[in-house]
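**Student:** Following this message is one structure expressed as structure tokens.
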Amino acid sequence: MDSEDRKRFKAGARKLIADHRSFYLLNGILMVALFILGDWVTKTYSLDVEPSMRDELMGTVLYLAAGMLNAGVSITMIDIDRGKADFDRPVERSFALFDKARYFWGWIGISIISTILVVLWSLLLIVPGIIKAISYSQAFYIYRDAVDRGEDIRLIDAITRSRELMNGEKGFMFLMMLSFLLWFFVGAITYGLANLFVLPYFWQTQAKFYNQLLLKQKEQESAAGFRP
């Protein structure tokens with residue numbers, strides 16, 4: 001993939017959001033609210049007093065809950081990009097992670113395993129840690145698709161498949177993430193309020209990227225199957 005693909009993904013995401021503003025606003029509102037609350041509790045709870053252990057724990061719980069909703073929003077956007085989801089029940093769809101128990105436990109397990117692996121790689125240098133984080137970034141989506149196909153997939157297999165799927169595309173994803181830095185800065189200076197637009201924009205773009213990865217993989221497998 002190249003810069004034109006990146007522009008196409010982002011333009012497609014912007015069009016979807018422009019055409020369905022209320023859906024994206026309501027779909028991400030709880031997720032953004034939890035992120036803001038977690039940030040407020042742990043960082044801006046007091047200008048003069050360091051957050052207590054209770055505040056840190058509460059903030060961690062809020063961040064974890066926001067992460068769960070973030071996963072639900074992400075897989076909803078993958079389905080939207082595939083034309084498999086309608087623009088209805090936006091708030092309910094943010095809880096998509098809980099549609100199946102295997103989604104939830106798979107997300108928990110993959111998050112823990114990939115975090116441990118990234119930390120271990122980061123002990124060498126920060127760059128290998130970043131590379132591995134990008135390599136493992138598609139693992140949960142791969143796992144979720146496998147569950148929907150009725151496949152008995154192991155968590156480590158999903159991580160391995162993500163690493164294989166991202167071969168040759170890690171630089172593309174890194175640059176795509178960098179292209180959102182200004183948007184993330186806008187989110188930060190507005191105390192997270194701009195993230196009501198920024199995060200849906202980011203995740204819908206990522207959804208298009210993931211679906212394109214799968215399409216590219218399928219084309220490569222088909223081409224390999226027709227070799228004499």
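Labels for the structure tokens follow display order: chains A, B, ..., residues from 1 in each chain, ligands from 1.
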Write out as a PyMOL selection string each polymer residue whose atoms come within 12 Å of Leu175 in chain A, counting only C-alpha atoms; drop sequence neighbours fewer than 3 positions from it.

**Tutor:** chain A and resi 1-3+5-7+134+169-172+178-181

**Student:** Mind running range 171-227 of chain A against range 15-27 of chain A at 12 Å and telling me each contacting residue's nearest atom pair with the distance in Å (one decimal), counting only C-alpha atoms, chain and number ascending, as JSON lines?

**Tutor:**
```
{"residue": "A:Leu193", "atom": "CA", "partner": "A:Leu25", "partner_atom": "CA", "distance": 11.1}
{"residue": "A:Ala194", "atom": "CA", "partner": "A:Leu25", "partner_atom": "CA", "distance": 10.7}
{"residue": "A:Asn195", "atom": "CA", "partner": "A:Leu25", "partner_atom": "CA", "distance": 9.8}
{"residue": "A:Leu196", "atom": "CA", "partner": "A:Leu25", "partner_atom": "CA", "distance": 6.1}
{"residue": "A:Phe197", "atom": "CA", "partner": "A:Leu25", "partner_atom": "CA", "distance": 7.1}
{"residue": "A:Val198", "atom": "CA", "partner": "A:Leu25", "partner_atom": "CA", "distance": 10.4}
{"residue": "A:Leu199", "atom": "CA", "partner": "A:Tyr24", "partner_atom": "CA", "distance": 9.6}
{"residue": "A:Pro200", "atom": "CA", "partner": "A:Tyr24", "partner_atom": "CA", "distance": 6.5}
{"residue": "A:Tyr201", "atom": "CA", "partner": "A:Ile17", "partner_atom": "CA", "distance": 7.3}
{"residue": "A:Phe202", "atom": "CA", "partner": "A:Ile17", "partner_atom": "CA", "distance": 10.9}
{"residue": "A:Trp203", "atom": "CA", "partner": "A:Tyr24", "partner_atom": "CA", "distance": 10.8}
{"residue": "A:Gln204", "atom": "CA", "partner": "A:Leu16", "partner_atom": "CA", "distance": 8.5}
{"residue": "A:Thr205", "atom": "CA", "partner": "A:Leu16", "partner_atom": "CA", "distance": 10.2}
{"residue": "A:Lys208", "atom": "CA", "partner": "A:Leu16", "partner_atom": "CA", "distance": 11.4}
```

**Student:** Between A:Ala11, A:Ile110, A:Ile78, A:Leu37, which residue has the minimum interatomic distance to Leu62 in chain A, considering only C-alpha atoms?

**Tutor:**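 Among the listed residues, the smallest separation from Leu62 in chain A belongs to A:Leu37.
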
**Student:** Just want the 10 Å neighbourhood of Arg144 in chain A, counted on only C-alpha atoms, with same-chain residues fewer than 2 positions away dropped. Output as a PyMOL selection string.

**Tutor:** chain A and resi 75+97+100+102-104+106-107+139-142+146-151+153+158

**Student:** Write the residues of the preceding selection, restricted to N, CA and C atoms, as a compact mmCIF listing (two decimals), in the first residue's frame.

**Tutor:**
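In the end it all went to result.txt:
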```
# COMPACT_ATOMS: atom_id res chain seq x y z
N ILE A 75 -14.89 -2.98 15.96
CA ILE A 75 -15.43 -4.08 15.16
C ILE A 75 -16.74 -3.67 14.49
N LEU A 97 -18.38 -5.77 21.75
CA LEU A 97 -17.42 -6.71 22.33
C LEU A 97 -18.12 -7.77 23.18
N LYS A 100 -20.57 -11.74 22.07
CA LYS A 100 -20.24 -13.15 22.30
C LYS A 100 -19.19 -13.21 23.40
N ARG A 102 -16.80 -15.22 23.65
CA ARG A 102 -15.47 -15.45 23.09
C ARG A 102 -14.83 -14.15 22.60
N TYR A 103 -15.65 -13.19 22.15
CA TYR A 103 -15.10 -11.88 21.79
C TYR A 103 -14.42 -11.26 23.01
N PHE A 104 -15.18 -11.22 24.10
CA PHE A 104 -14.70 -10.56 25.32
C PHE A 104 -13.42 -11.21 25.85
N GLY A 106 -11.46 -13.26 24.35
CA GLY A 106 -10.40 -13.19 23.36
C GLY A 106 -9.70 -11.85 23.40
N TRP A 107 -10.47 -10.77 23.53
CA TRP A 107 -9.89 -9.43 23.62
C TRP A 107 -9.02 -9.31 24.86
N ALA A 139 -4.53 -8.50 15.65
CA ALA A 139 -4.79 -9.83 16.22
C ALA A 139 -6.23 -10.02 16.66
N PHE A 140 -6.79 -9.04 17.37
CA PHE A 140 -8.15 -9.23 17.87
C PHE A 140 -9.16 -9.30 16.73
N TYR A 141 -8.96 -8.49 15.70
CA TYR A 141 -9.89 -8.51 14.56
C TYR A 141 -9.82 -9.86 13.84
N ILE A 142 -8.61 -10.39 13.71
CA ILE A 142 -8.43 -11.71 13.11
C ILE A 142 -9.11 -12.78 13.95
N ALA A 146 -12.33 -15.15 12.94
CA ALA A 146 -12.23 -16.61 13.04
C ALA A 146 -13.37 -17.18 13.89
N VAL A 147 -13.70 -16.49 14.97
CA VAL A 147 -14.81 -16.92 15.83
C VAL A 147 -16.11 -16.91 15.03
N ASP A 148 -16.32 -15.88 14.23
CA ASP A 148 -17.54 -15.78 13.43
C ASP A 148 -17.63 -16.88 12.38
N ARG A 149 -16.46 -17.38 11.94
CA ARG A 149 -16.46 -18.49 10.98
C ARG A 149 -16.60 -19.84 11.67
N GLY A 150 -16.65 -19.83 12.99
CA GLY A 150 -16.74 -21.08 13.74
C GLY A 150 -15.42 -21.78 13.91
N GLU A 151 -14.33 -21.05 13.71
CA GLU A 151 -12.99 -21.64 13.80
C GLU A 151 -12.52 -21.68 15.24
N ILE A 153 -9.79 -21.07 17.11
CA ILE A 153 -8.50 -20.42 17.00
C ILE A 153 -7.92 -20.13 18.39
N ALA A 158 -3.83 -16.09 16.62
CA ALA A 158 -4.32 -14.80 16.11
C ALA A 158 -3.19 -13.78 16.08
```

**Student:** Using only C-alpha atoms, determine which residues lie at most 12 Å from Thr60 in chain A, disregarding the query and same-chain residues fewer than 2 positions distant; provide the list as a ChimeraX atom specification.

**Tutor:** /A:34-35,37-43,53-58,62-67

**Student:** Could the residues in this selection be saved with C-alpha atoms as a compact mmCIF listing (two decimals), in the first residue's frame?

**Tutor:**
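Saved the output as result24.txt:
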```txt
# COMPACT_ATOMS: atom_id res chain seq x y z
CA LEU A 34 -14.94 7.13 29.88
CA PHE A 35 -11.54 8.14 28.49
CA LEU A 37 -13.27 10.63 33.08
CA GLY A 38 -10.27 8.33 33.44
CA ASP A 39 -7.94 11.15 32.42
CA TRP A 40 -9.64 13.61 34.77
CA VAL A 41 -9.44 11.24 37.74
CA THR A 42 -5.78 10.33 37.27
CA LYS A 43 -4.32 13.58 35.90
CA MET A 53 -4.12 5.00 45.04
CA ARG A 54 -7.91 4.99 44.97
CA ASP A 55 -7.91 7.59 42.20
CA GLU A 56 -5.34 5.61 40.23
CA LEU A 57 -7.41 2.45 40.60
CA MET A 58 -10.58 4.23 39.57
CA LEU A 62 -12.38 3.71 33.62
CA TYR A 63 -9.61 3.28 31.03
CA LEU A 64 -10.28 -0.47 30.91
CA ALA A 65 -14.01 0.10 30.38
CA ALA A 66 -13.22 2.65 27.67
CA GLY A 67 -10.90 0.14 26.01
```

**Student:** If you measure from CA of Arg14 in chain A to CA of Leu182 in chain A, what distance in Å do you get, rounded to one decimal?

**Tutor:**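 It comes out at 15.7 Å.
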
**Student:** Please identify which residues in range 11-210 of chain A DSSP calls helix (DSSP H, G or I) from the backbone, and express them as a PyMOL selection string.

**Tutor:** chain A and resi 11-19+21-43+53-82+90-93+96-98+101-122+126-135+139-148+155-165+170-178+181-189+195-210

**Student:** Do you know which residues are at most 8 Å from Thr76 in chain A counting only C-alpha atoms, after dropping those on the same chain fewer than 2 positions away, and could you put them as a list in words?

**Tutor:**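 Neighbouring residues, sequence-local ones excluded: Gly72, Val73, Ser74, Ile78, Asp79, Ile80, Ala85, Arg93, Ser94 and Ala96 of chain A.
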
**Student:** Hey, can you spit out that residue selection with N, CA, C and O atoms as a PDB file, in the first residue's frame?

**Tutor:**
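out09.pdb was written with the following content:
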```pdb
ATOM      1  N   GLY A  72     -15.427  -2.534  20.865  1.00  0.00           N
ATOM      2  CA  GLY A  72     -16.749  -2.681  20.273  1.00  0.00           C
ATOM      3  C   GLY A  72     -16.979  -1.722  19.126  1.00  0.00           C
ATOM      4  O   GLY A  72     -17.536  -2.094  18.079  1.00  0.00           O
ATOM      5  N   VAL A  73     -16.558  -0.476  19.303  1.00  0.00           N
ATOM      6  CA  VAL A  73     -16.669   0.521  18.236  1.00  0.00           C
ATOM      7  C   VAL A  73     -15.849   0.094  17.024  1.00  0.00           C
ATOM      8  O   VAL A  73     -16.297   0.212  15.876  1.00  0.00           O
ATOM      9  N   SER A  74     -14.663  -0.426  17.265  1.00  0.00           N
ATOM     10  CA  SER A  74     -13.758  -0.813  16.180  1.00  0.00           C
ATOM     11  C   SER A  74     -14.350  -1.922  15.316  1.00  0.00           C
ATOM     12  O   SER A  74     -14.335  -1.849  14.084  1.00  0.00           O
ATOM     13  N   ILE A  78     -15.600  -2.041  11.341  1.00  0.00           N
ATOM     14  CA  ILE A  78     -15.185  -3.044  10.364  1.00  0.00           C
ATOM     15  C   ILE A  78     -16.409  -3.586   9.632  1.00  0.00           C
ATOM     16  O   ILE A  78     -16.414  -3.733   8.405  1.00  0.00           O
ATOM     17  N   ASP A  79     -17.472  -3.878  10.386  1.00  0.00           N
ATOM     18  CA  ASP A  79     -18.701  -4.391   9.781  1.00  0.00           C
ATOM     19  C   ASP A  79     -19.368  -3.348   8.893  1.00  0.00           C
ATOM     20  O   ASP A  79     -19.921  -3.675   7.841  1.00  0.00           O
ATOM     21  N   ILE A  80     -19.320  -2.084   9.302  1.00  0.00           N
ATOM     22  CA  ILE A  80     -19.881  -1.015   8.473  1.00  0.00           C
ATOM     23  C   ILE A  80     -19.146  -0.930   7.150  1.00  0.00           C
ATOM     24  O   ILE A  80     -19.749  -0.818   6.082  1.00  0.00           O
ATOM     25  N   ALA A  85     -23.330  -4.011   8.542  1.00  0.00           N
ATOM     26  CA  ALA A  85     -23.987  -3.376   9.680  1.00  0.00           C
ATOM     27  C   ALA A  85     -24.719  -2.134   9.202  1.00  0.00           C
ATOM     28  O   ALA A  85     -24.242  -1.414   8.317  1.00  0.00           O
ATOM     29  N   ARG A  93     -24.450  -0.630  19.709  1.00  0.00           N
ATOM     30  CA  ARG A  93     -23.366  -1.225  18.922  1.00  0.00           C
ATOM     31  C   ARG A  93     -21.992  -0.956  19.533  1.00  0.00           C
ATOM     32  O   ARG A  93     -21.030  -1.653  19.221  1.00  0.00           O
ATOM     33  N   SER A  94     -21.885   0.044  20.390  1.00  0.00           N
ATOM     34  CA  SER A  94     -20.600   0.285  21.051  1.00  0.00           C
ATOM     35  C   SER A  94     -20.270  -0.824  22.046  1.00  0.00           C
ATOM     36  O   SER A  94     -19.132  -0.941  22.492  1.00  0.00           O
ATOM     37  N   ALA A  96     -20.442  -3.999  21.250  1.00  0.00           N
ATOM     38  CA  ALA A  96     -20.317  -5.180  20.389  1.00  0.00           C
ATOM     39  C   ALA A  96     -19.331  -6.208  20.933  1.00  0.00           C
ATOM     40  O   ALA A  96     -19.424  -7.394  20.613  1.00  0.00           O
TER      41      ALA A  96
END
```

**Student:** Rounded to one decimal place, report the CA of Pro128 in chain A-CA of Met176 in chain A distance in Å.

**Tutor:**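 Result for CA of Pro128 in chain A versus CA of Met176 in chain A: 18.4 Å, one decimal.
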
**Student:** Quote the spacing between CA of Lys216 in chain A and CA of Thr115 in chain A in Å to one decimal place.

**Tutor:**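 Going from CA of Lys216 in chain A over to CA of Thr115 in chain A, I get 27.1 Å.
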
**Student:** From the set A:Leu69, A:Met177, A:Arg82, A:Phe184, which residue has the shortest atom-to-atom contact distance to Leu215 in chain A, counting only C-alpha atoms?

**Tutor:**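 Of the candidates, the smallest distance to Leu215 in chain A is held by A:Arg82.
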